[in-house]
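Here's the structure, in structure tokens; my notes come after.
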Amino acid sequence: MNLPKNIQQPLSLIYLDANATTQVLPQAASAALSTMETLFGNPSSSHISGLQAKQIVDKTRQQAKRIVGAAEGKIIFTSGATEGIQTAILSALVNVKKTLNKSLNNKSYSLLYGATEHKAVPESLKHWNKILEINAEIKAIPVDEKGRLDLEFIAKEVPNALMICTMAVNNETGVYQDISLLDQTIRANNPNIAWMVDCVQALGKTDLVLAQTSIDYAPFSGHKLYAPKGIGFMYVKEKAPFTAFIAGGGQESGLRSGTENLPGLAALSEIFSMLLGESEASFTPIKTLHLYRQQLVSALTQAFPEITFNHSFENSVATTLNFAIPGFSSKEIMDLFDAANIRVSSGSACSSKVTRSFVLDAMGLPAWQSESAIRMSFGPAMTQTEIDIACSRIVSAAQALVQSCLTLDKKNIDTQTMNTSSTTNKTELDGLVQFKAGGSCSWLYVDKKTRSAVFIDPLSEVSERLQTLLTCRGLNLVAVIDTHGHADHKSCRNGIAKKFLAEQQTDYLGWPAGAQTTTIHGQTFQYLILGDKWLIKVATPGHTDDSMSLLLCDPVTDSAEKLQVHYAFCGDLILMDSIGRSNFSTSSAPAMYSSLKLMKSLIGNNSLICPSHDYHNEFTTCLETEMTRNSLLRQVINSEIDIEEFTSKKIKMDKDIINESGSEIMCGALIGACQKVVVREYDSVSLTKAVKKSSDMKLIDIREPHEYALQHDEKFTSNVPLTRLVQFVKEQQQNKEQEFVLVCRSGGRSQLAAQALARLGFENVGHLKGGYALHQY
Ligand code: PLP
């Protein structure tokens, strides 16, 4: 792909993940530094240094009181919001415990929290409920599709509750609650219940006058608003029950012991001065933040016309956007944006390993929106210039998807920003592409010259993507074929065939009627023509009675000659470290024995096998590799066992197979743990040394073409995305001693690919551990 000139330079960082954390502003950092270097006294000391330090603590407390409208209430400094949450819950529950012991023993009580609350809240409730042996039922308050708490539920449940925890602004969606309505509902039904409101995401984004509410506890965090990590504070209403969470030297009037975090407090004070308009620097007014959001929404909608926003802008703060893009997982969008040097998060940063958002689930949004949610968030230090750059960068990122044919150009994208036209810049597709969804694979083979293409085992999860590719690249679809009637997943064969091959007559698996025939070693086979290759159909029953294998090979010129097979698409006959299960009603182990033998005679030891499953990210295999680790297969191929012995062994084996993994039925009959292979790991220093030493080393970026196009290290001159790894293996089969070093975004994909190559006999493969994330472009 030709890279547009303006984006070949290293890209500046666009940070749009403020709800996870923020940078420390220069004035806050410099205030913190000066307390470390000069005003470093202990606020408890009575000498001048101590008095100076104490003055910083006092000033910050006064500022905090004004900012949150605390009036008579107390402000206690903490390490952050999680500590504030503990303190509030501990205080409320210790108080409840005293009352419970006196009079309330025979009733069952609940602890209420909003279903979209940060995990710190329900986890702390569970923790203290157990430790203090309160044994209340912990109940989530449902929210509606807009994320608003169910007031009727609260009214019904709160009389029987010991504490209620809600949040002012949600960290994933920016949805805010109507505090005064909540206040009325809670107090009308339980005037004395302890009420905590997590105000972390509200600070600097909405106005707060806590003293005008009946809120008992409100935790805040410094690092969400440009102060360092490790400083926070909490508001405690006058006369609210209180138990110190940390005892010791009696700091904070004995409410929170431990020497004060003076640098953190000095930084926080600078931020407070900005919020109070007492500093030369100021934050962007909330009205302008709304305009910024509008600008981002326009750019996103222009870039991804099918985008769906996961929350209503009416009841969310201006600084958070949560959306999903149909056809793309959040991981793919994160990879894309990271390549464009835009930092966003998938769902909540604190739980980014989770693949779906419990917040969006609680709002009842469709599963795909929750699974592919992306959060973009900024803070009040955002500037117009940064927003402008962010918007044009978002458009460039989307354009990279268009250029690699993952989305169609709906003519909405301003190609000016790319300095290039989308049609001239598309990479040509030639050869094999592998698509994955869970443990299943779909295959696309394209002959570049004739633009003819075939889909094999098309999964419904990749249906959109396959169709977009066809249209975008103007390919001529020759056939769309399933290797067998799949038990475990849905094929999108019919839909694609109806749309692109309406006139074609086929059997029910998609093999075209009237295909030509050829003879190989005395047997007749049907074949299709794909450019200068043939796709030969071979009946290989066993896994199911309709199973077939498709061999992509050079044309047969001499029926006595060995077939030159490039790829063998064998469905579930031979899988990586496994052979297909044969305990379905249409299975036959004896037929599988014959099919395995036939395959060996046709494809030999080294042709690449492209099955319909890849449970352990091995991508491809060949008989030689499989025979070294699959003794049953080896025994069949080497004729060490006969059909009867194979059948009895196979029946036994099928009894022990793992039937399902998550929601997937496992089609392989020998599923074990993935065979771990050790590959060389480099960091940037050792790689630079290695490159100097070996002029022949090939450095390969294995991210997808759109990521590569947006930005890559210039040393990594070739791009072999994971979807093209099997083709790469084919091309390099005679070159297995070559040194290859792979890189990706975080080191995850490069490690997988390096291991797969090593397993396939590549002798000198390594990868850059930590990827571009830890090593600069
Ligand atoms: N509550 C909310 C809403 C948050 O967003 C976070 C941080 O992600 C926390 C609590 C925890 O804050 P801290 O990191 O200061 O402990």
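The way I read the labels, and the way they are meant: chains A, B, ... in the order of the structure tokens, residue 1 as the first residue of every chain, and ligand 1 as the first ligand shown, with later ones counted on from there.
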With 9 Å as the cut-off and only C-alpha atoms and all ligand atoms counted, what is the closest atom pair between each nearby residue of chain A and ligand 1? Distances in Å to one decimal, ordered by chain and number, as a Markdown table.
```
| residue | atom | partner | partner_atom_place_in_ligand_line | distance |
| --- | --- | --- | --- | --- |
| A:Asn19 | CA | ligand 1 | 5 (O) | 6.2 |
| A:Ala20 | CA | ligand 1 | 8 (O) | 5.4 |
| A:Thr21 | CA | ligand 1 | 8 (O) | 7.5 |
| A:Ser79 | CA | ligand 1 | 15 (O) | 7.2 |
| A:Gly80 | CA | ligand 1 | 15 (O) | 3.7 |
| A:Ala81 | CA | ligand 1 | 15 (O) | 3.8 |
| A:Thr82 | CA | ligand 1 | 16 (O) | 3.7 |
| A:Glu83 | CA | ligand 1 | 16 (O) | 6.4 |
| A:Gly84 | CA | ligand 1 | 16 (O) | 8.0 |
| A:Ile85 | CA | ligand 1 | 10 (C) | 7.7 |
| A:Glu117 | CA | ligand 1 | 3 (C) | 6.8 |
| A:His118 | CA | ligand 1 | 1 (N) | 5.1 |
| A:Lys119 | CA | ligand 1 | 10 (C) | 7.7 |
| A:Ala120 | CA | ligand 1 | 10 (C) | 6.1 |
| A:Val121 | CA | ligand 1 | 10 (C) | 7.6 |
| A:Met167 | CA | ligand 1 | 3 (C) | 6.9 |
| A:Ala168 | CA | ligand 1 | 3 (C) | 8.2 |
| A:Val169 | CA | ligand 1 | 3 (C) | 6.9 |
| A:Asn170 | CA | ligand 1 | 3 (C) | 5.8 |
| A:Asn171 | CA | ligand 1 | 5 (O) | 4.7 |
| A:Glu172 | CA | ligand 1 | 5 (O) | 7.9 |
| A:Asp198 | CA | ligand 1 | 1 (N) | 5.9 |
| A:Cys199 | CA | ligand 1 | 3 (C) | 6.9 |
| A:Val200 | CA | ligand 1 | 3 (C) | 5.1 |
| A:Gln201 | CA | ligand 1 | 3 (C) | 5.5 |
| A:Ala202 | CA | ligand 1 | 3 (C) | 8.6 |
| A:Pro219 | CA | ligand 1 | 10 (C) | 7.9 |
| A:Phe220 | CA | ligand 1 | 15 (O) | 6.9 |
| A:Ser221 | CA | ligand 1 | 15 (O) | 4.3 |
| A:Gly222 | CA | ligand 1 | 15 (O) | 6.8 |
| A:His223 | CA | ligand 1 | 15 (O) | 6.7 |
| A:Lys224 | CA | ligand 1 | 15 (O) | 7.4 |
| A:Lys229 | CA | ligand 1 | 15 (O) | 7.3 |
| A:Gly230 | CA | ligand 1 | 15 (O) | 7.3 |
| A:Ile231 | CA | ligand 1 | 15 (O) | 7.5 |
| A:Gly232 | CA | ligand 1 | 15 (O) | 6.4 |
| A:Ser348 | CA | ligand 1 | 8 (O) | 7.7 |
| A:Ala349 | CA | ligand 1 | 8 (O) | 7.2 |
| A:Cys350 | CA | ligand 1 | 8 (O) | 6.1 |
```
Residues near A:Cys744, cut-off 8 Å, only C-alpha atoms, skip fewer than 4 positions along chain, as an NGL selection string: :A and (701-703 or 748-750 or 768 or 771-772)
Can those selected residues be exported to a file as a PDB file, in the first residue's frame so that it contains N, CA and C atoms?
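So selection03.pdb came out as:
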```
ATOM      1  N   ASP A 701       6.183  -6.659   9.870  1.00  0.00           N
ATOM      2  CA  ASP A 701       5.083  -6.127  10.675  1.00  0.00           C
ATOM      3  C   ASP A 701       3.869  -6.998  10.373  1.00  0.00           C
ATOM      4  N   ILE A 702       3.319  -7.626  11.412  1.00  0.00           N
ATOM      5  CA  ILE A 702       2.230  -8.568  11.128  1.00  0.00           C
ATOM      6  C   ILE A 702       0.846  -8.012  11.493  1.00  0.00           C
ATOM      7  N   ARG A 703       0.749  -6.698  11.622  1.00  0.00           N
ATOM      8  CA  ARG A 703      -0.574  -6.118  11.858  1.00  0.00           C
ATOM      9  C   ARG A 703      -1.351  -6.079  10.530  1.00  0.00           C
ATOM     10  N   GLY A 748       1.389  -9.469  21.288  1.00  0.00           N
ATOM     11  CA  GLY A 748       0.509 -10.643  21.378  1.00  0.00           C
ATOM     12  C   GLY A 748       0.423 -11.378  20.055  1.00  0.00           C
ATOM     13  N   ARG A 749       0.061 -10.659  19.015  1.00  0.00           N
ATOM     14  CA  ARG A 749      -0.087 -11.298  17.710  1.00  0.00           C
ATOM     15  C   ARG A 749       1.247 -11.791  17.180  1.00  0.00           C
ATOM     16  N   SER A 750       2.320 -11.011  17.415  1.00  0.00           N
ATOM     17  CA  SER A 750       3.629 -11.421  16.873  1.00  0.00           C
ATOM     18  C   SER A 750       4.108 -12.689  17.555  1.00  0.00           C
ATOM     19  N   LEU A 768       9.324  -9.071  18.518  1.00  0.00           N
ATOM     20  CA  LEU A 768       9.643  -7.944  19.391  1.00  0.00           C
ATOM     21  C   LEU A 768       8.658  -7.975  20.557  1.00  0.00           C
ATOM     22  N   GLY A 771       5.956  -5.328  21.513  1.00  0.00           N
ATOM     23  CA  GLY A 771       5.546  -4.680  20.264  1.00  0.00           C
ATOM     24  C   GLY A 771       5.826  -3.190  20.217  1.00  0.00           C
ATOM     25  N   TYR A 772       5.117  -2.514  19.324  1.00  0.00           N
ATOM     26  CA  TYR A 772       5.291  -1.067  19.184  1.00  0.00           C
ATOM     27  C   TYR A 772       4.924  -0.338  20.483  1.00  0.00           C
TER      28      TYR A 772
END
```
Find the spatial neighbours of A:Ala437, counting only C-alpha atoms, within a cut-off of 8 Å - ignore same-chain residues fewer than 3 positions away - and output them as JSON, numbers by chain. {"A": [440, 441, 459, 461, 462]}
Could you turn the residues from that selection into a file that holds all heavy atoms, as a PDB file, in the first residue's frame?
```pdb
ATOM      1  N   SER A 440     -13.148 -21.047  14.638  1.00  0.00           N
ATOM      2  CA  SER A 440     -13.475 -21.490  13.274  1.00  0.00           C
ATOM      3  C   SER A 440     -12.803 -20.617  12.224  1.00  0.00           C
ATOM      4  O   SER A 440     -12.478 -19.464  12.480  1.00  0.00           O
ATOM      5  CB  SER A 440     -14.992 -21.435  13.070  1.00  0.00           C
ATOM      6  OG  SER A 440     -15.630 -22.252  14.014  1.00  0.00           O
ATOM      7  N   CYS A 441     -12.608 -21.197  11.036  1.00  0.00           N
ATOM      8  CA  CYS A 441     -11.925 -20.452   9.961  1.00  0.00           C
ATOM      9  C   CYS A 441     -12.756 -20.438   8.689  1.00  0.00           C
ATOM     10  O   CYS A 441     -13.429 -21.410   8.364  1.00  0.00           O
ATOM     11  CB  CYS A 441     -10.616 -21.133   9.557  1.00  0.00           C
ATOM     12  SG  CYS A 441      -9.543 -21.538  10.884  1.00  0.00           S
ATOM     13  N   LEU A 459     -18.131 -18.360   7.283  1.00  0.00           N
ATOM     14  CA  LEU A 459     -18.841 -18.248   8.562  1.00  0.00           C
ATOM     15  C   LEU A 459     -19.774 -17.046   8.524  1.00  0.00           C
ATOM     16  O   LEU A 459     -19.428 -16.018   7.927  1.00  0.00           O
ATOM     17  CB  LEU A 459     -17.831 -18.000   9.688  1.00  0.00           C
ATOM     18  CG  LEU A 459     -16.854 -19.112   9.987  1.00  0.00           C
ATOM     19  CD1 LEU A 459     -15.584 -18.555  10.617  1.00  0.00           C
ATOM     20  CD2 LEU A 459     -17.518 -20.114  10.931  1.00  0.00           C
ATOM     21  N   GLU A 461     -20.322 -14.998  10.831  1.00  0.00           N
ATOM     22  CA  GLU A 461     -19.699 -13.846  11.509  1.00  0.00           C
ATOM     23  C   GLU A 461     -18.879 -12.978  10.546  1.00  0.00           C
ATOM     24  O   GLU A 461     -18.665 -11.801  10.809  1.00  0.00           O
ATOM     25  CB  GLU A 461     -18.750 -14.300  12.624  1.00  0.00           C
ATOM     26  CG  GLU A 461     -19.415 -14.894  13.834  1.00  0.00           C
ATOM     27  CD  GLU A 461     -19.588 -16.402  13.732  1.00  0.00           C
ATOM     28  OE1 GLU A 461     -19.665 -16.928  12.590  1.00  0.00           O
ATOM     29  OE2 GLU A 461     -19.660 -17.050  14.767  1.00  0.00           O
ATOM     30  N   VAL A 462     -18.368 -13.585   9.475  1.00  0.00           N
ATOM     31  CA  VAL A 462     -17.530 -12.781   8.572  1.00  0.00           C
ATOM     32  C   VAL A 462     -18.240 -12.475   7.257  1.00  0.00           C
ATOM     33  O   VAL A 462     -17.632 -11.976   6.311  1.00  0.00           O
ATOM     34  CB  VAL A 462     -16.157 -13.458   8.312  1.00  0.00           C
ATOM     35  CG1 VAL A 462     -15.352 -13.535   9.589  1.00  0.00           C
ATOM     36  CG2 VAL A 462     -16.298 -14.831   7.701  1.00  0.00           C
TER      37      VAL A 462
END
```
Enumerate the residues of stretch 98-247 of chain A with a DSSP assignment of helix (DSSP H, G or I), computed from the backbone, and present them as JSON, numbers by chain. {"A": [98, 99, 100, 101, 102, 103, 120, 121, 122, 123, 124, 125, 126, 127, 128, 129, 130, 131, 151, 152, 153, 154, 155, 156, 157, 158, 159, 160, 179, 180, 181, 182, 183, 184, 185, 186, 187, 188, 189, 210, 211, 212, 222, 223, 224]}
Going by DSSP on the backbone, which residues of stretch 517-585 of chain A come out as strand (DSSP E)? List them as number ranges by chain. A: 517-520, 523-530, 533-539, 548-553, 565-571, 574-575, 578-579
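For the choices A:Ser124, A:Asn192, A:Asn494, A:Ser559, the atom-to-atom distance to A:Thr524 is smallest for A:Ser559 when using only C-alpha atoms.
Atom pair atom CA of A:Val538 / atom CA of A:Ser452 has a distance of 21.1 Å (rounded to one decimal).
One finds atom CA of A:Ala324 at 7.1 Å from atom CA of A:Asn310.
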Got a sec: who's within 12 Å of A:Ala88, counting only C-alpha atoms, leaving out chain neighbours fewer than 2 positions off, as a ChimeraX atom specification? /A:76,78,81-86,90-95,120-121,124-125,128,163-165,194-198,215-220,233-237,240-245,255
Got a sec: who's within 7 Å of A:Val143, counting only C-alpha atoms, leaving out chain neighbours fewer than 5 positions off, as number ranges by chain? A: 115, 148-150, 362-363
Contact table stretch 362-391 of chain A vs stretch 24-35 of chain A, cut-off 12 Å, shortest pair per residue, only C-alpha atoms, as JSON lines:
```
{"residue": "A:Gly379", "atom": "CA", "partner": "A:Leu25", "partner_atom": "CA", "distance": 11.5}
{"residue": "A:Pro380", "atom": "CA", "partner": "A:Leu25", "partner_atom": "CA", "distance": 11.4}
{"residue": "A:Ala381", "atom": "CA", "partner": "A:Leu25", "partner_atom": "CA", "distance": 8.5}
{"residue": "A:Met382", "atom": "CA", "partner": "A:Leu25", "partner_atom": "CA", "distance": 11.3}
```
Written selection (N, CA and C atoms) as a PDB file, in the first residue's frame:
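As a result, again.pdb now contains:
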```
ATOM      1  N   GLY A 379     -11.106  15.492  28.811  1.00  0.00           N
ATOM      2  CA  GLY A 379     -11.345  16.278  30.018  1.00  0.00           C
ATOM      3  C   GLY A 379     -11.421  17.751  29.683  1.00  0.00           C
ATOM      4  N   PRO A 380     -11.643  18.581  30.698  1.00  0.00           N
ATOM      5  CA  PRO A 380     -11.811  20.006  30.443  1.00  0.00           C
ATOM      6  C   PRO A 380     -10.521  20.744  30.058  1.00  0.00           C
ATOM      7  N   ALA A 381      -9.381  20.018  30.002  1.00  0.00           N
ATOM      8  CA  ALA A 381      -8.172  20.690  29.505  1.00  0.00           C
ATOM      9  C   ALA A 381      -8.029  20.488  27.995  1.00  0.00           C
ATOM     10  N   MET A 382      -9.016  19.850  27.390  1.00  0.00           N
ATOM     11  CA  MET A 382      -8.988  19.616  25.942  1.00  0.00           C
ATOM     12  C   MET A 382      -8.985  20.943  25.198  1.00  0.00           C
TER      13      MET A 382
END
```
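Across the structure, atom CA of A:Asp361 and atom CA of A:Ile141 are spaced 13.4 Å apart.
The residue that comes closest to A:Thr517, out of A:Ile529, A:Ile643, A:Ala497, A:Ile325 and on the basis of only C-alpha atoms, is A:Ile529.
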Rank A:Asp207, A:Trp534, A:Ala390, A:Leu182 by their smallest atom-to-atom distance to A:Asp554, using only C-alpha atoms, and report the top residue only. A:Trp534
